[in-house]
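Shown here: target25.tsv, TSV, C-alpha atoms.
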chain	number	residue	atom	x	y	z
A	1	MET	CA	193.60	91.84	223.18
A	2	THR	CA	193.03	88.13	223.16
A	3	PRO	CA	190.33	86.64	220.89
A	4	THR	CA	188.18	85.67	223.93
A	5	ARG	CA	188.21	89.24	225.21
A	6	LYS	CA	187.43	90.57	221.77
A	7	LYS	CA	184.45	88.23	221.64
A	8	ARG	CA	183.27	89.36	225.07
A	9	LEU	CA	183.66	93.03	224.11
A	10	THR	CA	181.60	92.47	220.96
A	11	LEU	CA	178.94	90.77	223.06
A	12	VAL	CA	178.88	93.69	225.50
A	13	GLY	CA	178.54	96.09	222.58
A	14	LEU	CA	175.68	94.06	221.13
A	15	ILE	CA	173.81	94.02	224.45
A	16	VAL	CA	174.00	97.81	224.79
A	17	LEU	CA	173.10	98.32	221.13
A	18	GLY	CA	170.16	95.92	221.28
A	19	VAL	CA	168.71	97.38	224.46
A	20	SER	CA	169.13	100.93	223.13
A	21	ALA	CA	167.36	100.05	219.89
A	22	ALA	CA	164.50	98.41	221.78
A	23	THR	CA	164.18	101.46	224.04
A	24	VAL	CA	164.09	103.88	221.11
A	25	VAL	CA	161.32	101.84	219.48
A	26	ALA	CA	159.34	101.65	222.72
A	27	ILE	CA	159.68	105.36	223.47
A	28	THR	CA	158.69	106.35	219.94
A	29	ALA	CA	155.59	104.19	220.22
A	30	LEU	CA	154.69	105.63	223.62
A	31	GLN	CA	155.48	109.25	222.67
A	32	ASP	CA	151.97	110.61	223.33
A	33	ASN	CA	151.57	108.78	226.61
A	34	MET	CA	154.81	110.19	227.95
A	35	LEU	CA	153.46	113.74	227.84
A	36	PHE	CA	152.48	115.00	231.26
A	37	PHE	CA	150.21	117.75	229.96
A	38	VAL	CA	148.72	119.21	226.77
A	39	THR	CA	148.66	122.87	225.76
A	40	PRO	CA	145.68	125.18	225.13
A	41	SER	CA	146.51	124.92	221.41
A	42	ASP	CA	146.04	121.16	221.56
A	43	VAL	CA	142.68	121.70	223.25
A	44	HIS	CA	141.73	124.31	220.67
A	45	ALA	CA	142.61	121.98	217.81
A	46	GLN	CA	140.10	119.56	219.38
A	47	THR	CA	142.33	116.59	218.86
A	48	LEU	CA	141.33	115.35	222.30
A	49	PRO	CA	138.24	113.27	223.00
A	50	PRO	CA	135.62	115.19	225.05
A	51	ASP	CA	134.93	114.37	228.70
A	52	ARG	CA	138.29	112.74	229.05
A	53	GLN	CA	140.46	113.60	232.04
A	54	ILE	CA	143.45	115.57	230.82
A	55	ARG	CA	146.15	117.77	232.23
A	56	LEU	CA	146.23	121.24	230.76
A	57	GLY	CA	149.50	123.17	231.00
A	58	GLY	CA	150.30	126.79	230.26
A	59	LEU	CA	150.77	130.21	231.81
A	60	VAL	CA	148.15	131.95	233.92
A	61	ALA	CA	147.03	134.78	231.60
A	62	ASP	CA	147.50	138.31	232.99
A	63	GLY	CA	144.42	139.91	234.53
A	64	THR	CA	142.22	136.83	234.28
A	65	VAL	CA	142.32	135.55	237.86
A	66	SER	CA	139.00	136.14	239.62
A	67	ARG	CA	138.26	134.73	243.06
A	68	ASP	CA	134.86	134.25	244.62
A	69	PRO	CA	135.00	136.24	247.89
A	70	ASP	CA	132.80	133.71	249.75
A	71	SER	CA	134.41	130.43	248.77
A	72	LEU	CA	137.58	128.88	247.40
A	73	ALA	CA	136.23	129.00	243.85
A	74	VAL	CA	138.54	130.67	241.38
A	75	THR	CA	138.59	131.09	237.63
A	76	PHE	CA	141.56	132.00	235.47
A	77	GLY	CA	142.73	131.79	231.90
A	78	VAL	CA	145.54	129.47	230.83
A	79	THR	CA	147.44	130.54	227.75
A	80	ASP	CA	150.29	129.27	225.63
A	81	GLY	CA	150.58	132.50	223.68
A	82	ALA	CA	148.48	131.25	220.79
A	83	HIS	CA	145.26	130.18	222.51
A	84	ASP	CA	143.49	130.66	225.85
A	85	VAL	CA	141.38	128.25	227.87
A	86	LYS	CA	139.20	129.31	230.78
A	87	VAL	CA	139.73	127.17	233.89
A	88	SER	CA	137.48	126.95	236.93
A	89	PHE	CA	138.78	125.43	240.15
A	90	ASN	CA	137.50	125.02	243.69
A	91	GLY	CA	140.32	124.44	246.16
A	92	ILE	CA	143.61	125.61	247.54
A	93	LEU	CA	146.14	126.87	245.02
A	94	PRO	CA	149.88	126.19	245.45
A	95	ASP	CA	152.21	128.91	246.76
A	96	LEU	CA	153.74	129.66	243.39
A	97	PHE	CA	150.37	130.33	241.73
A	98	ARG	CA	150.22	133.86	240.28
A	99	GLU	CA	149.61	135.61	237.00
A	100	GLY	CA	152.26	134.71	234.46
A	101	GLN	CA	153.16	131.52	236.35
A	102	GLY	CA	153.26	128.15	234.65
A	103	VAL	CA	150.47	125.89	235.93
A	104	ILE	CA	149.12	122.44	235.22
A	105	ALA	CA	145.40	121.84	235.76
A	106	HIS	CA	143.99	118.31	235.96
A	107	GLY	CA	140.35	117.97	234.89
A	108	PHE	CA	138.12	117.93	231.82
A	109	MET	CA	136.45	120.29	229.32
A	110	ASP	CA	132.72	120.76	229.97
A	111	GLU	CA	130.13	121.45	227.25
A	112	SER	CA	130.43	125.23	227.61
A	113	GLY	CA	134.15	125.12	226.85
A	114	VAL	CA	135.29	125.75	230.41
A	115	PHE	CA	137.98	123.50	231.79
A	116	ARG	CA	136.85	122.11	235.16
A	117	ALA	CA	139.96	121.38	237.22
A	118	HIS	CA	139.99	119.26	240.36
A	119	GLU	CA	143.69	119.82	240.93
A	120	VAL	CA	145.99	122.72	240.05
A	121	LEU	CA	149.77	122.38	240.28
A	122	ALA	CA	152.25	125.20	239.86
A	123	ARG	CA	155.08	124.63	237.48
A	124	HIS	CA	158.36	126.21	238.43
A	125	ASP	CA	160.56	127.53	235.64
A	126	GLU	CA	164.30	126.97	235.56
A	127	THR	CA	165.29	130.52	236.55
A	128	TYR	CA	166.86	131.25	239.92
A	129	MET	CA	167.90	134.75	241.00
A	130	PRO	CA	167.98	137.01	244.05
A	131	PRO	CA	165.08	139.48	244.58
A	132	GLU	CA	167.43	142.45	244.09
A	133	VAL	CA	168.37	141.24	240.63
A	134	MET	CA	164.68	140.82	239.79
A	135	ARG	CA	164.00	144.38	240.99
A	136	ALA	CA	166.95	145.74	239.01
A	137	LEU	CA	165.67	144.00	235.89
A	138	GLU	CA	162.22	145.50	236.39
A	139	GLU	CA	163.57	149.00	236.97
A	140	ALA	CA	165.68	148.75	233.84
A	141	GLY	CA	162.47	147.99	231.97
A	142	HIS	CA	163.33	144.36	231.28
A	143	PRO	CA	160.86	142.40	233.35
A	144	MET	CA	161.57	138.70	233.46
A	145	GLU	CA	159.61	137.16	230.67
A	146	ALA	CA	157.88	134.15	232.04
A	147	SER	CA	159.23	131.23	230.09
A	148	MET	CA	156.76	128.96	228.39
A	149	PRO	CA	156.47	125.53	229.88
A	150	ARG	CA	157.53	122.99	227.34
B	1	MET	CA	207.98	101.57	227.14
B	2	ILE	CA	205.60	103.90	228.97
B	3	TRP	CA	202.67	101.83	227.75
B	4	LYS	CA	204.24	98.76	229.23
B	5	THR	CA	204.76	100.47	232.62
B	6	ILE	CA	201.11	101.53	232.67
B	7	LYS	CA	200.04	98.03	231.75
B	8	VAL	CA	202.14	96.43	234.44
B	9	ASN	CA	200.87	98.88	237.05
B	10	PHE	CA	197.28	98.32	235.94
B	11	HIS	CA	197.71	94.59	236.38
B	12	ARG	CA	199.33	95.09	239.74
B	13	LEU	CA	196.37	97.24	240.77
B	14	GLY	CA	194.12	94.34	239.94
B	15	SER	CA	195.75	92.19	242.59
B	16	PRO	CA	193.66	92.31	245.79
B	17	PRO	CA	196.46	93.13	248.30
B	18	THR	CA	197.72	96.07	246.21
B	19	PHE	CA	194.22	97.38	245.66
B	20	TYR	CA	193.44	96.96	249.35
B	21	ARG	CA	196.47	98.97	250.38
B	22	LEU	CA	195.86	101.72	247.81
B	23	ALA	CA	192.20	102.05	248.81
B	24	GLN	CA	193.18	102.19	252.45
B	25	VAL	CA	195.55	105.09	251.79
B	26	LEU	CA	193.31	107.01	249.35
B	27	ALA	CA	189.92	106.83	251.09
B	28	PRO	CA	190.73	109.00	254.14
B	29	TRP	CA	191.98	111.78	251.84
B	30	LEU	CA	188.76	111.63	249.84
B	31	TRP	CA	186.68	111.71	253.05
B	32	ALA	CA	188.68	114.72	254.26
B	33	GLY	CA	188.17	116.51	250.94
B	34	PHE	CA	184.47	115.74	251.13
B	35	ALA	CA	184.21	117.17	254.66
B	36	VAL	CA	185.98	120.40	253.68
B	37	CYS	CA	184.02	120.94	250.43
B	38	ALA	CA	180.68	120.06	252.06
B	39	ALA	CA	181.35	122.41	254.99
B	40	ILE	CA	182.12	125.32	252.64
B	41	GLY	CA	179.21	124.42	250.36
B	42	LEU	CA	176.63	124.06	253.13
B	43	TYR	CA	177.74	127.25	254.87
B	44	GLN	CA	177.45	129.22	251.63
B	45	ALA	CA	174.16	127.57	250.72
B	46	LEU	CA	172.54	128.36	254.07
B	47	TYR	CA	174.07	131.70	255.05
B	48	VAL	CA	175.76	133.44	252.12
B	49	VAL	CA	173.57	132.94	249.06
B	50	PRO	CA	170.59	135.33	248.70
B	51	PRO	CA	167.06	133.93	248.70
B	52	ASP	CA	165.30	133.31	245.38
B	53	TYR	CA	162.95	135.99	244.07
B	54	GLN	CA	160.04	133.57	243.82
B	55	GLN	CA	160.66	130.73	246.25
B	56	SER	CA	162.63	132.71	248.86
B	57	ASP	CA	164.47	130.28	251.15
B	58	SER	CA	162.85	127.04	249.96
B	59	PHE	CA	165.07	126.94	246.90
B	60	ARG	CA	168.12	126.19	249.09
B	61	ILE	CA	167.18	122.51	249.09
B	62	LEU	CA	168.51	122.37	245.53
B	63	TYR	CA	172.05	122.46	246.91
B	64	ILE	CA	171.40	118.92	248.15
B	65	HIS	CA	168.90	117.81	245.52
B	66	VAL	CA	170.84	118.69	242.39
B	67	PRO	CA	174.30	117.35	243.39
B	68	ALA	CA	172.63	114.14	244.60
B	69	ALA	CA	170.75	113.76	241.32
B	70	TRP	CA	173.90	114.37	239.28
B	71	GLN	CA	175.85	111.89	241.38
B	72	ALA	CA	173.12	109.26	241.13
B	73	MET	CA	173.55	109.43	237.36
B	74	ALA	CA	177.33	109.93	237.26
B	75	GLY	CA	177.77	107.03	239.69
B	76	TYR	CA	175.79	104.84	237.33
B	77	VAL	CA	178.02	105.78	234.40
B	78	VAL	CA	181.10	104.94	236.50
B	79	MET	CA	179.55	101.57	237.36
B	80	ALA	CA	178.77	100.91	233.69
B	81	ILE	CA	182.40	101.56	232.71
B	82	LEU	CA	183.57	99.24	235.51
B	83	ALA	CA	181.01	96.67	234.37
B	84	VAL	CA	182.39	96.64	230.82
B	85	ILE	CA	185.94	96.16	232.15
B	86	ALA	CA	184.72	93.47	234.55
B	87	LEU	CA	182.84	91.59	231.83
B	88	VAL	CA	185.60	91.72	229.21
B	89	TRP	CA	188.74	91.35	231.33
B	90	ARG	CA	187.23	89.46	234.29
B	91	ILE	CA	189.27	91.37	236.86
B	92	ARG	CA	187.92	90.51	240.28
B	93	THR	CA	188.70	93.82	241.99
B	94	VAL	CA	186.87	95.66	239.20
B	95	GLU	CA	183.84	93.38	239.60
B	96	ILE	CA	183.86	94.17	243.31
B	97	MET	CA	184.12	97.92	242.65
B	98	ALA	CA	181.23	97.86	240.17
B	99	MET	CA	179.08	96.11	242.78
B	100	ALA	CA	180.18	98.45	245.55
B	101	GLY	CA	178.77	101.43	243.65
B	102	ALA	CA	175.14	100.25	243.64
B	103	PRO	CA	174.10	100.99	247.27
B	104	ILE	CA	175.82	104.39	247.13
B	105	GLY	CA	174.05	105.26	243.89
B	106	ALA	CA	170.77	104.02	245.33
B	107	ALA	CA	171.27	106.26	248.38
B	108	PHE	CA	171.89	109.32	246.20
B	109	THR	CA	168.84	108.50	244.08
B	110	PHE	CA	166.75	108.22	247.21
B	111	ILE	CA	168.06	111.55	248.55
B	112	CYS	CA	167.23	113.14	245.21
B	113	LEU	CA	163.67	111.77	245.22
B	114	ALA	CA	163.06	112.61	248.89
B	115	THR	CA	164.33	116.20	248.72
B	116	GLY	CA	162.46	116.73	245.47
B	117	SER	CA	159.28	115.50	247.06
B	118	LEU	CA	159.71	117.78	250.10
B	119	TRP	CA	160.22	120.74	247.79
B	120	GLY	CA	157.41	119.74	245.45
B	121	ARG	CA	154.71	119.75	248.10
B	122	PRO	CA	154.78	123.53	248.83
B	123	MET	CA	155.98	124.65	245.37
B	124	TRP	CA	154.09	122.46	242.93
B	125	GLY	CA	151.31	121.55	245.31
B	126	THR	CA	151.96	117.81	245.23
B	127	TRP	CA	154.42	115.31	246.72
B	128	TRP	CA	154.65	113.28	243.57
B	129	ALA	CA	153.58	113.28	239.93
B	130	TRP	CA	154.02	110.55	237.36
B	131	ASP	CA	155.80	112.73	234.85
B	132	ALA	CA	158.69	111.49	232.74
B	133	ARG	CA	161.49	112.98	234.89
B	134	LEU	CA	160.23	111.74	238.24
B	135	THR	CA	159.27	108.34	236.90
B	136	SER	CA	162.60	107.73	235.15
B	137	MET	CA	164.43	108.69	238.35
B	138	LEU	CA	162.31	106.19	240.29
B	139	VAL	CA	163.19	103.57	237.68
B	140	LEU	CA	166.88	104.35	238.34
B	141	LEU	CA	166.32	103.60	242.04
B	142	PHE	CA	164.72	100.26	241.13
B	143	ILE	CA	167.61	99.42	238.79
B	144	TYR	CA	170.09	100.11	241.60
B	145	LEU	CA	168.09	97.90	243.96
B	146	GLY	CA	167.88	95.23	241.26
B	147	ILE	CA	171.66	95.22	240.86
B	148	MET	CA	172.10	94.84	244.62
B	149	GLY	CA	169.54	92.05	244.77
B	150	LEU	CA	171.00	90.16	241.84
B	151	TYR	CA	174.52	90.34	243.26
B	152	ALA	CA	173.28	88.99	246.59
B	153	ALA	CA	171.19	86.22	245.02
B	154	PHE	CA	174.09	84.03	243.89
B	155	GLU	CA	176.06	81.70	246.11
B	156	ASP	CA	179.08	82.24	243.87
B	157	ARG	CA	179.94	85.94	244.34
B	158	ARG	CA	181.82	86.24	241.06
B	159	LYS	CA	178.94	84.76	239.11
B	160	GLY	CA	176.54	87.13	240.86
B	161	ALA	CA	178.77	90.08	240.00
B	162	ARG	CA	178.90	89.10	236.32
B	163	VAL	CA	175.13	88.72	236.04
B	164	ALA	CA	174.60	92.04	237.85
B	165	CYS	CA	177.12	93.68	235.50
B	166	ILE	CA	174.92	92.71	232.56
B	167	LEU	CA	171.96	94.36	234.33
B	168	ILE	CA	174.09	97.51	234.73
B	169	LEU	CA	174.67	97.54	230.96
B	170	VAL	CA	170.96	97.07	230.27
B	171	GLY	CA	170.03	99.86	232.69
B	172	ILE	CA	172.38	102.40	231.11
B	173	VAL	CA	169.67	103.35	228.57
B	174	ASN	CA	167.79	105.00	231.43
B	175	ILE	CA	170.50	107.62	231.97
B	176	PRO	CA	169.94	109.59	228.72
B	177	ILE	CA	166.19	109.19	229.27
B	178	ILE	CA	166.46	110.89	232.69
B	179	HIS	CA	168.59	113.66	231.26
B	180	PHE	CA	166.47	114.42	228.21
B	181	SER	CA	163.04	113.65	229.75
B	182	VAL	CA	162.41	117.36	230.38
B	183	GLU	CA	163.21	118.20	226.76
B	184	TRP	CA	161.51	115.35	224.93
B	185	TRP	CA	158.21	115.48	226.79
B	186	THR	CA	156.08	117.90	228.75
B	187	THR	CA	156.81	117.38	232.44
B	188	LEU	CA	155.92	118.93	235.77
B	189	HIS	CA	159.62	119.06	236.57
B	190	GLN	CA	161.28	122.18	235.19
B	191	GLY	CA	163.92	122.05	232.47
B	192	ALA	CA	167.66	122.16	233.00
B	193	THR	CA	168.99	125.26	234.77
B	194	ILE	CA	172.69	124.50	234.54
B	195	ARG	CA	173.92	124.01	231.00
B	196	LEU	CA	177.49	123.00	230.32
B	197	PHE	CA	177.42	122.77	226.56
B	198	SER	CA	174.26	124.24	225.04
B	199	GLY	CA	173.33	127.78	225.92
B	200	GLU	CA	173.51	129.77	229.13
B	201	SER	CA	172.68	128.67	232.64
B	202	THR	CA	169.62	130.41	234.05
B	203	MET	CA	170.81	130.69	237.62
B	204	HIS	CA	172.22	133.97	238.86
B	205	GLU	CA	176.00	133.76	239.32
B	206	SER	CA	175.75	134.77	242.99
B	207	MET	CA	173.94	131.46	243.62
B	208	MET	CA	176.47	129.25	241.82
B	209	PRO	CA	179.45	128.78	244.23
B	210	PRO	CA	177.74	126.50	246.80
B	211	LEU	CA	176.39	124.33	243.99
B	212	ILE	CA	179.92	123.82	242.67
B	213	TRP	CA	181.31	123.07	246.17
B	214	MET	CA	178.53	120.61	246.93
B	215	THR	CA	178.95	118.88	243.57
B	216	ILE	CA	182.68	118.37	244.20
B	217	ALA	CA	181.95	117.25	247.77
B	218	VAL	CA	179.46	114.65	246.65
B	219	LYS	CA	181.85	113.33	243.98
B	220	LEU	CA	184.61	112.90	246.56
B	221	MET	CA	182.20	111.20	248.90
B	222	PHE	CA	181.16	108.77	246.20
B	223	GLY	CA	184.81	107.90	245.56
B	224	ALA	CA	185.58	107.48	249.25
B	225	ALA	CA	182.53	105.30	249.90
B	226	LEU	CA	183.25	103.25	246.77
B	227	LEU	CA	186.80	102.48	247.93
B	228	ASP	CA	185.69	101.69	251.49
B	229	ARG	CA	182.88	99.42	250.36
B	230	SER	CA	185.13	97.61	247.84
B	231	ARG	CA	187.75	97.09	250.51
B	232	ASN	CA	185.21	95.61	252.91
B	233	ASP	CA	183.78	93.30	250.28
B	234	LEU	CA	187.28	92.16	249.30
B	235	LEU	CA	188.15	91.51	252.93
B	236	ASP	CA	184.96	89.51	253.42
B	237	GLN	CA	185.47	87.41	250.30
B	238	ASP	CA	189.15	86.72	250.98
B	239	ARG	CA	188.90	86.30	254.74
B	240	ARG	CA	190.37	82.79	254.60
B	241	LYS	CA	193.17	83.74	252.22
B	242	GLY	CA	196.77	84.20	253.19
B	243	TRP	CA	197.14	87.90	252.41
B	244	VAL	CA	194.19	88.85	254.62
B	245	GLN	CA	195.40	86.64	257.46
B	246	ALA	CA	198.82	88.25	257.13
B	247	ARG	CA	197.36	91.77	257.15
B	248	LEU	CA	195.08	91.09	260.08
B	249	GLY	CA	197.91	89.49	261.99
B	250	GLU	CA	200.05	92.53	261.33
B	251	SER	CA	197.46	95.03	262.57
B	252	ALA	CA	196.34	92.95	265.55
Here is a file; write its structure as structure tokens.
Amino acid sequence: MTPTRKKRLTLVGLIVLGVSAATVVAITALQDNMLFFVTPSDVHAQTLPPDRQIRLGGLVADGTVSRDPDSLAVTFGVTDGAHDVKVSFNGILPDLFREGQGVIAHGFMDESGVFRAHEVLARHDETYMPPEVMRALEEAGHPMEASMPR
Amino acid sequence: MIWKTIKVNFHRLGSPPTFYRLAQVLAPWLWAGFAVCAAIGLYQALYVVPPDYQQSDSFRILYIHVPAAWQAMAGYVVMAILAVIALVWRIRTVEIMAMAGAPIGAAFTFICLATGSLWGRPMWGTWWAWDARLTSMLVLLFIYLGIMGLYAAFEDRRKGARVACILILVGIVNIPIIHFSVEWWTTLHQGATIRLFSGESTMHESMMPPLIWMTIAVKLMFGAALLDRSRNDLLDQDRRKGWVQARLGESA
């Protein structure tokens, strides 16, 4: 390798190194802002300012979904295994919404400790399998454990 | 001895007429391979594979979405390697190849974003969310467009290529960010299903074959399009040169 090429290669290396270092610093500084949602445990720890719009993510707790028969109003619990938060929502839920499903609710905590959502998104987990396999798993007594959203 | 042969051949490959001829011979084979693999992959994806237990038939879009996303990132890595070679050794055909990759990568990124959006509306309940995965993928599209714009902005094509190559190097930091975004932060986008190195894949094996076929198909297509685009660019740049005149005369 000629000296000129060596110099150019060093320069290329320095560019990549410099940009990487800058990115690491920037990402570390922005860590909290890069999170798309917070968990019920975060809400419980009350580290969040009240009345602020947040996204709450977790699993729909089993047996907590109750729908108002006359309107679109629905309440359900969102859990991360450690803590639960009650969510109330008035609108159309996505197709994937069901008990045990990962969801993300956008809204705020009111004074009574209920999370008032104006938007509910379903979060799909990374598991793909045919219905027969799902049925076989259930019959064998190993229902798919809903994976926690991270 | 062998090293010297490789070196000589490498240098010969750098000469535009040799590269032109090689690309001309190779590209049709890659296109043919793409057509075969894509036909098998699409048939299996649409007719053979069982529906998903939760999403039923909607999940089939992943056989386009995932290979496109992988190729958008893999294409960028290929371009970055070409960019390093182009910047250090100043080989013109390599500069041209690095530049030829950008519109193809941009197209794959767009396909990834569009199919993801179409899937997201019924499944998530929204077309778009500003989470780390989706945003970093959008940034990749902008980087691709930036490379194309920068290359086109210079009167001197070689100068434009060198400046754009530096942008490719700068943009490479985005690739690990895209990959790890679903692990480092909470996102709407789900985590990785297919794992090559760490842990097991969480897709049932009956659903795997079309994904593998489509991934190979898309890789071949990237190679074929890269060679074709490089060849066209080379022809355009050298249109007044002797070797092009000779080739055109011979085919006319």
Residues of chain A at most 8 Å from chain B: nearest atom pair and distance in Å, only C-alpha atoms, as a tab-separated table:
residue	atom	partner	partner_atom	distance
A:Arg5	CA	B:Val88	CA	5.4
A:Lys6	CA	B:Val88	CA	7.7
A:Arg8	CA	B:Val88	CA	5.3
A:Leu9	CA	B:Val88	CA	5.6
A:Val12	CA	B:Val84	CA	7.0
A:Ile15	CA	B:Val170	CA	7.2
A:Val16	CA	B:Leu169	CA	6.2
A:Val19	CA	B:Val170	CA	6.2
A:Ser20	CA	B:Val173	CA	6.0
A:Thr23	CA	B:Val173	CA	7.4
A:Gln31	CA	B:Trp185	CA	8.0
A:Met34	CA	B:Ala132	CA	6.3
A:Leu35	CA	B:Thr186	CA	5.0
A:Phe36	CA	B:Thr187	CA	5.1
A:Phe37	CA	B:Thr186	CA	6.0
A:Val38	CA	B:Thr186	CA	7.7
A:Leu93	CA	B:Gly125	CA	7.4
A:Pro94	CA	B:Gly125	CA	4.9
A:Asp95	CA	B:Met123	CA	5.9
A:Leu96	CA	B:Met123	CA	5.8
A:Ile104	CA	B:Leu188	CA	7.7
A:Val120	CA	B:Gly125	CA	7.6
A:Leu121	CA	B:Trp124	CA	5.1
A:Ala122	CA	B:Trp124	CA	4.5
A:Arg123	CA	B:Trp124	CA	5.9
A:His124	CA	B:Gln190	CA	5.9
A:Asp125	CA	B:Gln190	CA	5.4
A:Glu126	CA	B:Thr193	CA	5.1
A:Thr127	CA	B:Thr202	CA	5.0
A:Tyr128	CA	B:Met203	CA	4.6
A:Met129	CA	B:His204	CA	4.9
A:Pro130	CA	B:Asp52	CA	4.8
A:Pro131	CA	B:Tyr53	CA	4.1
A:Glu132	CA	B:Tyr53	CA	7.9
A:Met134	CA	B:Tyr53	CA	6.7
A:Pro149	CA	B:Thr186	CA	7.7
A:Arg150	CA	B:Thr186	CA	5.5
Considering only C-alpha atoms, return as a VMD selection string whatever protein or nucleic-acid residues lie within 8 Å of range 109-118 of chain A, sequence-local ones (same chain, fewer than 6 positions apart) excluded.
chain A and resid 50 to 52 85 to 91
Original post:
Do you have the CA of Asn232 in chain B-CA of Ala217 in chain B distance handy?
Top reply: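 Atom-to-atom, CA of Asn232 in chain B to CA of Ala217 in chain B, that is 22.5 Å.
In this structure, CA of His179 in chain B sits 13.5 Å away from CA of Phe197 in chain B.
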CA of Thr79 in chain A to CA of Gln53 in chain A measures 18.8 Å
Do you know which residues are at most 12 Å from Val60 in chain A counting all atoms listed in the file, after dropping those on the same chain fewer than 3 positions away, and could you put them as a PyMOL selection string?
chain A and resi 40+56-57+63-66+75-81+83-87+96-105+120-123+146-149
Find the residues near range 71-77 of chain B: any atom within 8 Å, counting only C-alpha atoms, skip ones fewer than 3 places away on the same chain, and give them as a PDB file with C-alpha atoms, in the coordinates of the input.
ATOM      1  CA  PRO B  67     174.300 117.350 243.390  1.00  0.00           C
ATOM      2  CA  ALA B  68     172.630 114.140 244.600  1.00  0.00           C
ATOM      3  CA  ALA B  80     178.770 100.910 233.690  1.00  0.00           C
ATOM      4  CA  ILE B  81     182.400 101.560 232.710  1.00  0.00           C
ATOM      5  CA  GLY B 101     178.770 101.430 243.650  1.00  0.00           C
ATOM      6  CA  ALA B 102     175.140 100.250 243.640  1.00  0.00           C
ATOM      7  CA  GLY B 105     174.050 105.260 243.890  1.00  0.00           C
ATOM      8  CA  ALA B 106     170.770 104.020 245.330  1.00  0.00           C
ATOM      9  CA  PHE B 108     171.890 109.320 246.200  1.00  0.00           C
ATOM     10  CA  THR B 109     168.840 108.500 244.080  1.00  0.00           C
ATOM     11  CA  ILE B 168     174.090  97.510 234.730  1.00  0.00           C
ATOM     12  CA  ILE B 172     172.380 102.400 231.110  1.00  0.00           C
ATOM     13  CA  ILE B 175     170.500 107.620 231.970  1.00  0.00           C
ATOM     14  CA  THR B 215     178.950 118.880 243.570  1.00  0.00           C
ATOM     15  CA  VAL B 218     179.460 114.650 246.650  1.00  0.00           C
ATOM     16  CA  LYS B 219     181.850 113.330 243.980  1.00  0.00           C
ATOM     17  CA  PHE B 222     181.160 108.770 246.200  1.00  0.00           C
TER      18      PHE B 222
END
Which residues come within 12 Å of Ala114 in chain B, counting all atoms listed in the file, excluding same-chain residues fewer than 5 positions away, as a list in words?
-> Ile61, Leu62, Ile64, His65, Val66, Ala68, Ala69, Ala107, Phe108, Thr109, Trp119, Gly120, Arg121, Trp127, Trp128, Leu134, Met137, Leu138 and Leu141 of chain B
Using all atoms of range 18-30 of chain B that appear in the file, construct an axis-aligned enclosing box with 3 Å of padding on every side and provide its centre coordinates and edge lengths in Å, rounded to one decimal, as JSON.
{"center_x": 193.2, "center_y": 103.9, "center_z": 249.9, "size_x": 15.0, "size_y": 21.7, "size_z": 14.5}
Counting all atoms listed in the file, closest pick from B:Leu145, B:Ile40, B:Asp228, B:Ile96 relative to Pro209 in chain B is B:Ile40
List the neighbours of Met221 in chain B out to 8 Å using all atoms listed in the file; skip same-chain residues closer than 5 positions along the sequence, and give me the result as a PDB file with C-alpha atoms, keeping the file's coordinate frame.
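Final output, saved to selection_29.pdb:
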ATOM      1  CA  LEU B  30     188.760 111.630 249.840  1.00  0.00           C
ATOM      2  CA  TRP B  31     186.680 111.710 253.050  1.00  0.00           C
ATOM      3  CA  PHE B  34     184.470 115.740 251.130  1.00  0.00           C
TER       4      PHE B  34
END
Rebuild N, CA and C atoms on range 75-83 of chain A, as a PDB file, keeping the file's coordinate frame?
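Produced file selection_27.pdb, reproduced below:
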ATOM      1  N   THR A  75     138.478 131.350 239.061  1.00  0.00           N
ATOM      2  CA  THR A  75     138.590 131.090 237.630  1.00  0.00           C
ATOM      3  C   THR A  75     139.781 131.879 237.090  1.00  0.00           C
ATOM      4  N   PHE A  76     140.437 131.308 236.104  1.00  0.00           N
ATOM      5  CA  PHE A  76     141.560 132.000 235.470  1.00  0.00           C
ATOM      6  C   PHE A  76     141.762 131.444 234.070  1.00  0.00           C
ATOM      7  N   GLY A  77     142.444 132.235 233.256  1.00  0.00           N
ATOM      8  CA  GLY A  77     142.730 131.790 231.900  1.00  0.00           C
ATOM      9  C   GLY A  77     144.111 131.161 231.828  1.00  0.00           C
ATOM     10  N   VAL A  78     144.234 130.088 231.063  1.00  0.00           N
ATOM     11  CA  VAL A  78     145.540 129.470 230.830  1.00  0.00           C
ATOM     12  C   VAL A  78     145.885 129.669 229.370  1.00  0.00           C
ATOM     13  N   THR A  79     147.063 130.205 229.125  1.00  0.00           N
ATOM     14  CA  THR A  79     147.440 130.540 227.750  1.00  0.00           C
ATOM     15  C   THR A  79     148.779 129.931 227.375  1.00  0.00           C
ATOM     16  N   ASP A  80     148.963 129.664 226.104  1.00  0.00           N
ATOM     17  CA  ASP A  80     150.290 129.270 225.630  1.00  0.00           C
ATOM     18  C   ASP A  80     150.790 130.290 224.603  1.00  0.00           C
ATOM     19  N   GLY A  81     150.177 131.468 224.623  1.00  0.00           N
ATOM     20  CA  GLY A  81     150.580 132.500 223.680  1.00  0.00           C
ATOM     21  C   GLY A  81     149.702 132.514 222.441  1.00  0.00           C
ATOM     22  N   ALA A  82     149.298 131.341 221.988  1.00  0.00           N
ATOM     23  CA  ALA A  82     148.480 131.250 220.790  1.00  0.00           C
ATOM     24  C   ALA A  82     146.989 131.171 221.145  1.00  0.00           C
ATOM     25  N   HIS A  83     146.656 130.362 222.132  1.00  0.00           N
ATOM     26  CA  HIS A  83     145.260 130.180 222.510  1.00  0.00           C
ATOM     27  C   HIS A  83     145.080 130.267 224.025  1.00  0.00           C
TER      28      HIS A  83
END
